[in-house]
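Notes for the one structure printed next.
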Amino acid sequence: MKITFYKYQGTGNDFIMIDNRLQIFPKKNTKLIEKLCDRRFGIGADGLILLENDDLTDFRMVYYNSDGREGSMCGNGGRCIVAFAKKLELINSSTTFIATDGLHKASIDEDDIVSLQMIDVHEVNIHSDYVFLNTGSPHHIEMVDKLKEYDVFLNGSRIRYSDLYGMAGSNVNFVEQISSDHFALRTYERGVEDETFSCGTGATAVAIAMNATGKTLDNTINLDVKGGNLKVTFEKTDNSYKNVNLIGSATFVFEGEIEW
């Protein structure tokens, strides 16, 4: 079978995009998805995303990690599927779509900068040496020194597979503060089982965690990731974070066909 695919990246977090409105893709074939995402024997990507029809919104987003399993919400993938939907002429400058964690609103400008509304966050678990919260995907957050030299793979995998999170595991973020509203982060992603160049739900989680722990009083947070820069905005009401938006570029890389 031959299928057309599109490659997109959001601050270095890259995805295979497939228009599956006709339900032609074998979604239960985890080995195929894993092979397509393989960087040596396939197309190569951090994940694979299907765009499908939805009765109540513009489209449905179905996300798979590079291990072939369906994953939780992917923020950068959500931004990229908005750019993909625009390329397919399904939307113009704004959209509403459904993903595994619920309804999302988004806008895209002429420079392909996408602002994606994330889920509200009502619970931030603050511990002495880490913070845990869920922004559509679970995230463990730790402050570290000398982030550029930090062994993210070793320490991230240790926490991800620790008894702290059990079989389900967690994404793991390591953070260094640059200024009052500016932070750098590196993320070990479960499902990819490695450090990625960027993680959208991770950037969102870090922004909220930094505010919740008093490291910033701002509600617009700038974030440096390996693949570029992201911005997160939110409104804080009591201990809840609402109108949370992840903002950054979503870039078309190339289009191709693959046969299996």
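To be explicit about the labels: the chains of the structure tokens are called A, B, and onward in the order shown, and within each one the residues are counted from 1, while ligands get numbers from 1 in the order they are shown.
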Taking 2 positions as the minimum chain separation for residues in the same chain, which residues sit within 10 Å of Ser157 of chain A when counting only C-alpha atoms? Answer as number ranges by chain. A: 152-155, 159-162, 169-172, 188-190, 193-195
Selection from above, N, CA, C and O atoms, as a JSON list (two decimals), in the first residue's frame, can you write it?
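Output saved as part.json:
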```json
[["chain", "number", "residue", "atom", "x", "y", "z"],
["A", 152, "VAL", "N", 20.53, 14.46, 30.47],
["A", 152, "VAL", "CA", 19.08, 14.35, 30.45],
["A", 152, "VAL", "C", 18.64, 12.91, 30.21],
["A", 152, "VAL", "O", 17.68, 12.44, 30.84],
["A", 153, "PHE", "N", 19.33, 12.19, 29.35],
["A", 153, "PHE", "CA", 18.92, 10.81, 29.06],
["A", 153, "PHE", "C", 19.06, 9.93, 30.30],
["A", 153, "PHE", "O", 18.13, 9.21, 30.67],
["A", 154, "LEU", "N", 20.20, 9.99, 30.95],
["A", 154, "LEU", "CA", 20.44, 9.14, 32.12],
["A", 154, "LEU", "C", 19.48, 9.47, 33.25],
["A", 154, "LEU", "O", 18.80, 8.58, 33.79],
["A", 155, "ASN", "N", 19.40, 10.74, 33.61],
["A", 155, "ASN", "CA", 18.57, 11.13, 34.74],
["A", 155, "ASN", "C", 17.08, 11.11, 34.41],
["A", 155, "ASN", "O", 16.25, 10.77, 35.25],
["A", 159, "ILE", "N", 14.17, 8.60, 36.30],
["A", 159, "ILE", "CA", 12.93, 9.09, 36.93],
["A", 159, "ILE", "C", 11.71, 8.52, 36.21],
["A", 159, "ILE", "O", 10.73, 8.10, 36.86],
["A", 160, "ARG", "N", 11.74, 8.48, 34.90],
["A", 160, "ARG", "CA", 10.61, 7.98, 34.11],
["A", 160, "ARG", "C", 10.24, 6.55, 34.50],
["A", 160, "ARG", "O", 9.08, 6.19, 34.58],
["A", 161, "TYR", "N", 11.25, 5.71, 34.75],
["A", 161, "TYR", "CA", 11.01, 4.31, 35.08],
["A", 161, "TYR", "C", 11.04, 4.03, 36.58],
["A", 161, "TYR", "O", 11.00, 2.87, 36.99],
["A", 162, "SER", "N", 11.09, 5.05, 37.40],
["A", 162, "SER", "CA", 11.18, 4.85, 38.85],
["A", 162, "SER", "C", 9.84, 4.42, 39.43],
["A", 162, "SER", "O", 8.78, 4.51, 38.78],
["A", 169, "GLY", "N", 4.62, 5.69, 33.91],
["A", 169, "GLY", "CA", 5.75, 6.58, 33.72],
["A", 169, "GLY", "C", 5.31, 8.04, 33.60],
["A", 169, "GLY", "O", 4.13, 8.37, 33.68],
["A", 170, "SER", "N", 6.29, 8.90, 33.40],
["A", 170, "SER", "CA", 6.03, 10.33, 33.24],
["A", 170, "SER", "C", 7.08, 10.94, 32.33],
["A", 170, "SER", "O", 8.21, 10.44, 32.26],
["A", 171, "ASN", "N", 6.72, 12.00, 31.65],
["A", 171, "ASN", "CA", 7.73, 12.83, 30.98],
["A", 171, "ASN", "C", 8.52, 13.54, 32.07],
["A", 171, "ASN", "O", 7.99, 13.84, 33.15],
["A", 172, "VAL", "N", 9.78, 13.86, 31.77],
["A", 172, "VAL", "CA", 10.65, 14.46, 32.78],
["A", 172, "VAL", "C", 11.32, 15.70, 32.20],
["A", 172, "VAL", "O", 11.96, 15.64, 31.14],
["A", 188, "TYR", "N", 12.97, 14.74, 28.68],
["A", 188, "TYR", "CA", 12.98, 13.32, 28.34],
["A", 188, "TYR", "C", 11.53, 12.89, 28.17],
["A", 188, "TYR", "O", 10.72, 13.02, 29.09],
["A", 189, "GLU", "N", 11.18, 12.39, 26.97],
["A", 189, "GLU", "CA", 9.80, 12.05, 26.68],
["A", 189, "GLU", "C", 9.56, 10.55, 26.71],
["A", 189, "GLU", "O", 10.25, 9.78, 26.04],
["A", 190, "ARG", "N", 8.57, 10.15, 27.49],
["A", 190, "ARG", "CA", 8.16, 8.75, 27.46],
["A", 190, "ARG", "C", 7.53, 8.47, 26.10],
["A", 190, "ARG", "O", 6.96, 9.36, 25.46],
["A", 193, "GLU", "N", 11.25, 7.73, 24.49],
["A", 193, "GLU", "CA", 12.28, 7.15, 25.36],
["A", 193, "GLU", "C", 13.65, 7.76, 25.08],
["A", 193, "GLU", "O", 14.66, 7.07, 25.03],
["A", 194, "ASP", "N", 13.64, 9.07, 24.94],
["A", 194, "ASP", "CA", 14.88, 9.81, 24.71],
["A", 194, "ASP", "C", 14.59, 11.29, 24.91],
["A", 194, "ASP", "O", 13.42, 11.69, 25.03],
["A", 195, "GLU", "N", 15.62, 12.08, 24.92],
["A", 195, "GLU", "CA", 15.43, 13.53, 24.92],
["A", 195, "GLU", "C", 14.94, 13.96, 23.55],
["A", 195, "GLU", "O", 15.43, 13.49, 22.52]]
```
What's around segment 212-228 of chain A at 7 Å? Count only C-alpha atoms, leave out sequence neighbours fewer than 6 positions away in its own chain, and write the answer as a PDB file with all heavy atoms, in the first residue's frame.
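Saved file result.pdb follows:
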```
ATOM      1  N   THR A  11       9.553  23.615  16.687  1.00  0.00           N
ATOM      2  CA  THR A  11      10.780  23.805  17.474  1.00  0.00           C
ATOM      3  C   THR A  11      11.568  22.504  17.620  1.00  0.00           C
ATOM      4  O   THR A  11      12.050  22.162  18.685  1.00  0.00           O
ATOM      5  CB  THR A  11      10.472  24.423  18.869  1.00  0.00           C
ATOM      6  OG1 THR A  11       9.454  23.650  19.536  1.00  0.00           O
ATOM      7  CG2 THR A  11      10.060  25.867  18.748  1.00  0.00           C
ATOM      8  N   GLY A  12      11.698  21.799  16.504  1.00  0.00           N
ATOM      9  CA  GLY A  12      12.532  20.602  16.466  1.00  0.00           C
ATOM     10  C   GLY A  12      11.837  19.326  16.868  1.00  0.00           C
ATOM     11  O   GLY A  12      12.400  18.227  16.713  1.00  0.00           O
ATOM     12  N   SER A 180      13.451  36.687  35.212  1.00  0.00           N
ATOM     13  CA  SER A 180      12.182  36.596  35.946  1.00  0.00           C
ATOM     14  C   SER A 180      11.070  35.911  35.158  1.00  0.00           C
ATOM     15  O   SER A 180      10.187  35.283  35.736  1.00  0.00           O
ATOM     16  CB  SER A 180      11.730  37.987  36.377  1.00  0.00           C
ATOM     17  OG  SER A 180      11.486  38.802  35.236  1.00  0.00           O
ATOM     18  N   ASP A 181      11.096  36.022  33.827  1.00  0.00           N
ATOM     19  CA  ASP A 181      10.045  35.410  33.006  1.00  0.00           C
ATOM     20  C   ASP A 181      10.615  34.517  31.905  1.00  0.00           C
ATOM     21  O   ASP A 181       9.941  34.235  30.913  1.00  0.00           O
ATOM     22  CB  ASP A 181       9.160  36.492  32.386  1.00  0.00           C
ATOM     23  CG  ASP A 181       9.919  37.374  31.384  1.00  0.00           C
ATOM     24  OD1 ASP A 181      11.164  37.303  31.343  1.00  0.00           O
ATOM     25  OD2 ASP A 181       9.246  38.125  30.644  1.00  0.00           O
ATOM     26  N   HIS A 182      11.852  34.070  32.083  1.00  0.00           N
ATOM     27  CA  HIS A 182      12.566  33.364  31.016  1.00  0.00           C
ATOM     28  C   HIS A 182      13.261  32.134  31.600  1.00  0.00           C
ATOM     29  O   HIS A 182      14.042  32.250  32.540  1.00  0.00           O
ATOM     30  CB  HIS A 182      13.589  34.309  30.388  1.00  0.00           C
ATOM     31  CG  HIS A 182      14.157  33.830  29.089  1.00  0.00           C
ATOM     32  ND1 HIS A 182      15.050  34.587  28.369  1.00  0.00           N
ATOM     33  CD2 HIS A 182      13.978  32.684  28.375  1.00  0.00           C
ATOM     34  CE1 HIS A 182      15.388  33.918  27.277  1.00  0.00           C
ATOM     35  NE2 HIS A 182      14.742  32.761  27.266  1.00  0.00           N
ATOM     36  N   PHE A 183      12.967  30.957  31.015  1.00  0.00           N
ATOM     37  CA  PHE A 183      13.515  29.704  31.510  1.00  0.00           C
ATOM     38  C   PHE A 183      14.008  28.859  30.333  1.00  0.00           C
ATOM     39  O   PHE A 183      13.520  28.990  29.217  1.00  0.00           O
ATOM     40  CB  PHE A 183      12.455  28.906  32.281  1.00  0.00           C
ATOM     41  CG  PHE A 183      11.947  29.616  33.501  1.00  0.00           C
ATOM     42  CD1 PHE A 183      10.925  30.559  33.397  1.00  0.00           C
ATOM     43  CD2 PHE A 183      12.486  29.362  34.751  1.00  0.00           C
ATOM     44  CE1 PHE A 183      10.450  31.231  34.518  1.00  0.00           C
ATOM     45  CE2 PHE A 183      12.019  30.019  35.880  1.00  0.00           C
ATOM     46  CZ  PHE A 183      11.016  30.952  35.763  1.00  0.00           C
ATOM     47  N   ALA A 184      14.972  28.008  30.605  1.00  0.00           N
ATOM     48  CA  ALA A 184      15.425  27.013  29.626  1.00  0.00           C
ATOM     49  C   ALA A 184      15.028  25.639  30.145  1.00  0.00           C
ATOM     50  O   ALA A 184      15.039  25.397  31.360  1.00  0.00           O
ATOM     51  CB  ALA A 184      16.931  27.106  29.435  1.00  0.00           C
ATOM     52  N   LEU A 185      14.672  24.741  29.248  1.00  0.00           N
ATOM     53  CA  LEU A 185      14.313  23.391  29.666  1.00  0.00           C
ATOM     54  C   LEU A 185      14.753  22.355  28.653  1.00  0.00           C
ATOM     55  O   LEU A 185      14.903  22.652  27.463  1.00  0.00           O
ATOM     56  CB  LEU A 185      12.804  23.270  29.897  1.00  0.00           C
ATOM     57  CG  LEU A 185      11.890  23.288  28.666  1.00  0.00           C
ATOM     58  CD1 LEU A 185      10.750  22.308  28.847  1.00  0.00           C
ATOM     59  CD2 LEU A 185      11.341  24.679  28.433  1.00  0.00           C
ATOM     60  N   ARG A 186      14.978  21.156  29.166  1.00  0.00           N
ATOM     61  CA  ARG A 186      15.251  19.988  28.338  1.00  0.00           C
ATOM     62  C   ARG A 186      14.354  18.860  28.837  1.00  0.00           C
ATOM     63  O   ARG A 186      14.117  18.736  30.045  1.00  0.00           O
ATOM     64  CB  ARG A 186      16.727  19.601  28.415  1.00  0.00           C
ATOM     65  CG  ARG A 186      17.656  20.652  27.824  1.00  0.00           C
ATOM     66  CD  ARG A 186      19.119  20.323  28.084  1.00  0.00           C
ATOM     67  NE  ARG A 186      19.517  19.081  27.432  1.00  0.00           N
ATOM     68  CZ  ARG A 186      20.702  18.485  27.626  1.00  0.00           C
ATOM     69  NH1 ARG A 186      21.583  19.043  28.454  1.00  0.00           N
ATOM     70  NH2 ARG A 186      21.004  17.367  27.006  1.00  0.00           N
ATOM     71  N   PHE A 197      13.944  17.496  21.031  1.00  0.00           N
ATOM     72  CA  PHE A 197      14.368  18.888  20.870  1.00  0.00           C
ATOM     73  C   PHE A 197      13.371  19.866  21.484  1.00  0.00           C
ATOM     74  O   PHE A 197      13.702  21.023  21.726  1.00  0.00           O
ATOM     75  CB  PHE A 197      14.569  19.212  19.386  1.00  0.00           C
ATOM     76  CG  PHE A 197      15.952  18.910  18.895  1.00  0.00           C
ATOM     77  CD1 PHE A 197      16.508  17.647  19.053  1.00  0.00           C
ATOM     78  CD2 PHE A 197      16.717  19.886  18.280  1.00  0.00           C
ATOM     79  CE1 PHE A 197      17.793  17.371  18.612  1.00  0.00           C
ATOM     80  CE2 PHE A 197      18.001  19.619  17.835  1.00  0.00           C
ATOM     81  CZ  PHE A 197      18.541  18.354  18.007  1.00  0.00           C
ATOM     82  N   SER A 198      12.145  19.404  21.731  1.00  0.00           N
ATOM     83  CA  SER A 198      11.121  20.264  22.296  1.00  0.00           C
ATOM     84  C   SER A 198       9.954  19.403  22.729  1.00  0.00           C
ATOM     85  O   SER A 198       9.707  18.340  22.158  1.00  0.00           O
ATOM     86  CB  SER A 198      10.663  21.291  21.251  1.00  0.00           C
ATOM     87  OG  SER A 198       9.626  22.095  21.738  1.00  0.00           O
ATOM     88  N   ALA A 203       6.734  22.231  28.024  1.00  0.00           N
ATOM     89  CA  ALA A 203       6.938  23.680  28.139  1.00  0.00           C
ATOM     90  C   ALA A 203       5.780  24.323  28.894  1.00  0.00           C
ATOM     91  O   ALA A 203       5.973  25.209  29.739  1.00  0.00           O
ATOM     92  CB  ALA A 203       7.083  24.300  26.749  1.00  0.00           C
ATOM     93  N   PHE A 234      -1.082  32.386  30.346  1.00  0.00           N
ATOM     94  CA  PHE A 234      -2.172  31.793  31.122  1.00  0.00           C
ATOM     95  C   PHE A 234      -2.806  32.845  32.018  1.00  0.00           C
ATOM     96  O   PHE A 234      -2.264  33.933  32.222  1.00  0.00           O
ATOM     97  CB  PHE A 234      -1.671  30.615  31.973  1.00  0.00           C
ATOM     98  CG  PHE A 234      -0.459  30.940  32.818  1.00  0.00           C
ATOM     99  CD1 PHE A 234      -0.570  31.680  33.990  1.00  0.00           C
ATOM    100  CD2 PHE A 234       0.798  30.500  32.425  1.00  0.00           C
ATOM    101  CE1 PHE A 234       0.547  31.975  34.753  1.00  0.00           C
ATOM    102  CE2 PHE A 234       1.928  30.793  33.193  1.00  0.00           C
ATOM    103  CZ  PHE A 234       1.803  31.536  34.359  1.00  0.00           C
ATOM    104  N   GLU A 235      -3.971  32.488  32.553  1.00  0.00           N
ATOM    105  CA  GLU A 235      -4.644  33.282  33.572  1.00  0.00           C
ATOM    106  C   GLU A 235      -4.717  32.436  34.837  1.00  0.00           C
ATOM    107  O   GLU A 235      -5.142  31.282  34.789  1.00  0.00           O
ATOM    108  CB  GLU A 235      -6.049  33.675  33.114  1.00  0.00           C
ATOM    109  CG  GLU A 235      -6.068  34.568  31.885  1.00  0.00           C
ATOM    110  CD  GLU A 235      -7.469  34.792  31.353  1.00  0.00           C
ATOM    111  OE1 GLU A 235      -8.429  34.285  31.998  1.00  0.00           O
ATOM    112  OE2 GLU A 235      -7.613  35.439  30.302  1.00  0.00           O
TER     113      GLU A 235
END
```
I'd like the contact shell of segment 113-117 of chain A - 7 Å cut-off, only C-alpha atoms, skipping same-chain residues fewer than 2 positions apart - returned as a PyMOL selection string. chain A and resi 79+104-109+111+119+243-250
Of A:Tyr8, A:Tyr64, A:Trp260, A:Phe254, the one nearest to Ala83 of chain A when counting only C-alpha atoms is A:Tyr8
Of the residues A:Glu34, A:Asp54, A:Asp19, A:Asp46, which is the one nearest to Arg69 of chain A, using only C-alpha atoms?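 Under the stated criterion, the closest residue is A:Glu34.
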Close residues, Val144 of chain A itself excluded, 8 Å, only C-alpha atoms, min 4 positions apart in chain, as a list of chain:residue names: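 What passes the distance filter is A:Phe174, A:Val175, A:Glu176.
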Enumerate the residues of segment 64-208 of chain A with a DSSP assignment of strand (DSSP E), computed from the backbone, and present them as a VMD selection string. chain A and resid 64 to 65 94 to 99 102 to 108 113 to 117 125 to 126 131 to 134 138 to 143 171 to 179 182 to 189 194 to 196
Need the shell around Ile43 of chain A: protein/DNA/RNA residues with any atom at most 9 Å away, counting only C-alpha atoms. Skip same-chain ones fewer than 3 positions apart. Format as a PyMOL selection string? chain A and resi 7+16+35-40+258
Could you give me, as a ChimeraX atom specification, the residues within 12 Å of Ser240 of chain A, counting only C-alpha atoms and dropping anything in the same chain fewer than 6 positions from it? /A:119-124,133,208-209,211-212,234
Let me see the file: selected residues, all heavy atoms, as a short mmCIF file (atom, residue, chain, number, x, y, z; two decimals), in the first residue's frame.
```cif
data_model
loop_
_atom_site.label_atom_id
_atom_site.label_comp_id
_atom_site.auth_asym_id
_atom_site.auth_seq_id
_atom_site.Cartn_x
_atom_site.Cartn_y
_atom_site.Cartn_z
N ILE A 119 -5.37 22.48 27.93
CA ILE A 119 -6.39 22.24 28.94
C ILE A 119 -6.13 23.09 30.18
O ILE A 119 -5.00 23.50 30.44
CB ILE A 119 -6.45 20.74 29.34
CG1 ILE A 119 -5.13 20.28 29.98
CG2 ILE A 119 -6.81 19.88 28.15
CD1 ILE A 119 -5.21 18.92 30.64
N ASP A 120 -7.18 23.37 30.94
CA ASP A 120 -7.02 24.04 32.22
C ASP A 120 -6.29 23.11 33.19
O ASP A 120 -6.43 21.88 33.12
CB ASP A 120 -8.38 24.41 32.81
CG ASP A 120 -9.12 25.45 31.98
OD1 ASP A 120 -8.48 26.12 31.15
OD2 ASP A 120 -10.35 25.58 32.17
N VAL A 121 -5.54 23.70 34.09
CA VAL A 121 -4.82 22.93 35.10
C VAL A 121 -5.32 23.35 36.48
O VAL A 121 -5.21 24.52 36.85
CB VAL A 121 -3.29 23.15 34.99
CG1 VAL A 121 -2.56 22.44 36.13
CG2 VAL A 121 -2.79 22.65 33.64
N HIS A 122 -5.87 22.40 37.21
CA HIS A 122 -6.45 22.69 38.52
C HIS A 122 -5.62 22.14 39.68
O HIS A 122 -5.93 22.43 40.84
CB HIS A 122 -7.87 22.13 38.60
CG HIS A 122 -8.79 22.66 37.54
ND1 HIS A 122 -9.18 23.98 37.50
CD2 HIS A 122 -9.36 22.05 36.47
CE1 HIS A 122 -9.99 24.16 36.46
NE2 HIS A 122 -10.10 23.01 35.82
N GLU A 123 -4.59 21.37 39.35
CA GLU A 123 -3.80 20.75 40.42
C GLU A 123 -2.32 20.76 40.05
O GLU A 123 -1.94 20.26 38.99
CB GLU A 123 -4.27 19.31 40.66
CG GLU A 123 -3.59 18.63 41.82
CD GLU A 123 -4.13 17.24 42.07
OE1 GLU A 123 -5.02 16.78 41.32
OE2 GLU A 123 -3.68 16.60 43.05
N VAL A 124 -1.52 21.34 40.92
CA VAL A 124 -0.06 21.33 40.78
C VAL A 124 0.51 20.75 42.08
O VAL A 124 0.32 21.32 43.16
CB VAL A 124 0.50 22.75 40.55
CG1 VAL A 124 2.01 22.70 40.38
CG2 VAL A 124 -0.15 23.39 39.33
N LEU A 133 2.64 17.80 37.46
CA LEU A 133 1.32 18.22 37.01
C LEU A 133 1.03 17.62 35.65
O LEU A 133 1.93 17.09 34.98
CB LEU A 133 1.20 19.74 36.94
CG LEU A 133 2.04 20.51 35.92
CD1 LEU A 133 1.36 21.83 35.55
CD2 LEU A 133 3.42 20.81 36.47
N ILE A 208 3.78 26.79 34.07
CA ILE A 208 2.83 26.79 35.19
C ILE A 208 3.55 26.46 36.50
O ILE A 208 3.30 27.09 37.53
CB ILE A 208 1.68 25.81 34.91
CG1 ILE A 208 0.81 26.34 33.77
CG2 ILE A 208 0.85 25.55 36.17
CD1 ILE A 208 -0.24 25.37 33.28
N ALA A 209 4.46 25.49 36.46
CA ALA A 209 5.19 25.09 37.67
C ALA A 209 6.05 26.22 38.20
O ALA A 209 6.15 26.43 39.42
CB ALA A 209 6.05 23.87 37.37
N ASN A 211 5.47 29.39 37.93
CA ASN A 211 4.58 30.35 38.57
C ASN A 211 4.04 29.81 39.90
O ASN A 211 4.01 30.54 40.90
CB ASN A 211 3.43 30.70 37.63
CG ASN A 211 2.47 31.71 38.20
OD1 ASN A 211 1.54 31.35 38.91
ND2 ASN A 211 2.71 32.98 37.92
N ALA A 212 3.66 28.56 39.91
CA ALA A 212 3.08 27.96 41.12
C ALA A 212 4.07 27.90 42.27
O ALA A 212 3.68 27.98 43.44
CB ALA A 212 2.56 26.56 40.80
N PHE A 234 -1.08 32.39 30.35
CA PHE A 234 -2.17 31.79 31.12
C PHE A 234 -2.81 32.84 32.02
O PHE A 234 -2.26 33.93 32.22
CB PHE A 234 -1.67 30.61 31.97
CG PHE A 234 -0.46 30.94 32.82
CD1 PHE A 234 -0.57 31.68 33.99
CD2 PHE A 234 0.80 30.50 32.42
CE1 PHE A 234 0.55 31.98 34.75
CE2 PHE A 234 1.93 30.79 33.19
CZ PHE A 234 1.80 31.54 34.36
#
```
DSSP on the backbone, alpha helix (DSSP H) only: what residues of segment 22-213 of chain A does that give? Format it as an MDAnalysis selection string. chainID A and resid 30:37 75:87 152:160 200:212
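Across the structure, atom CA of Gly202 of chain A and atom CA of Asn29 of chain A are spaced 27.6 Å apart.
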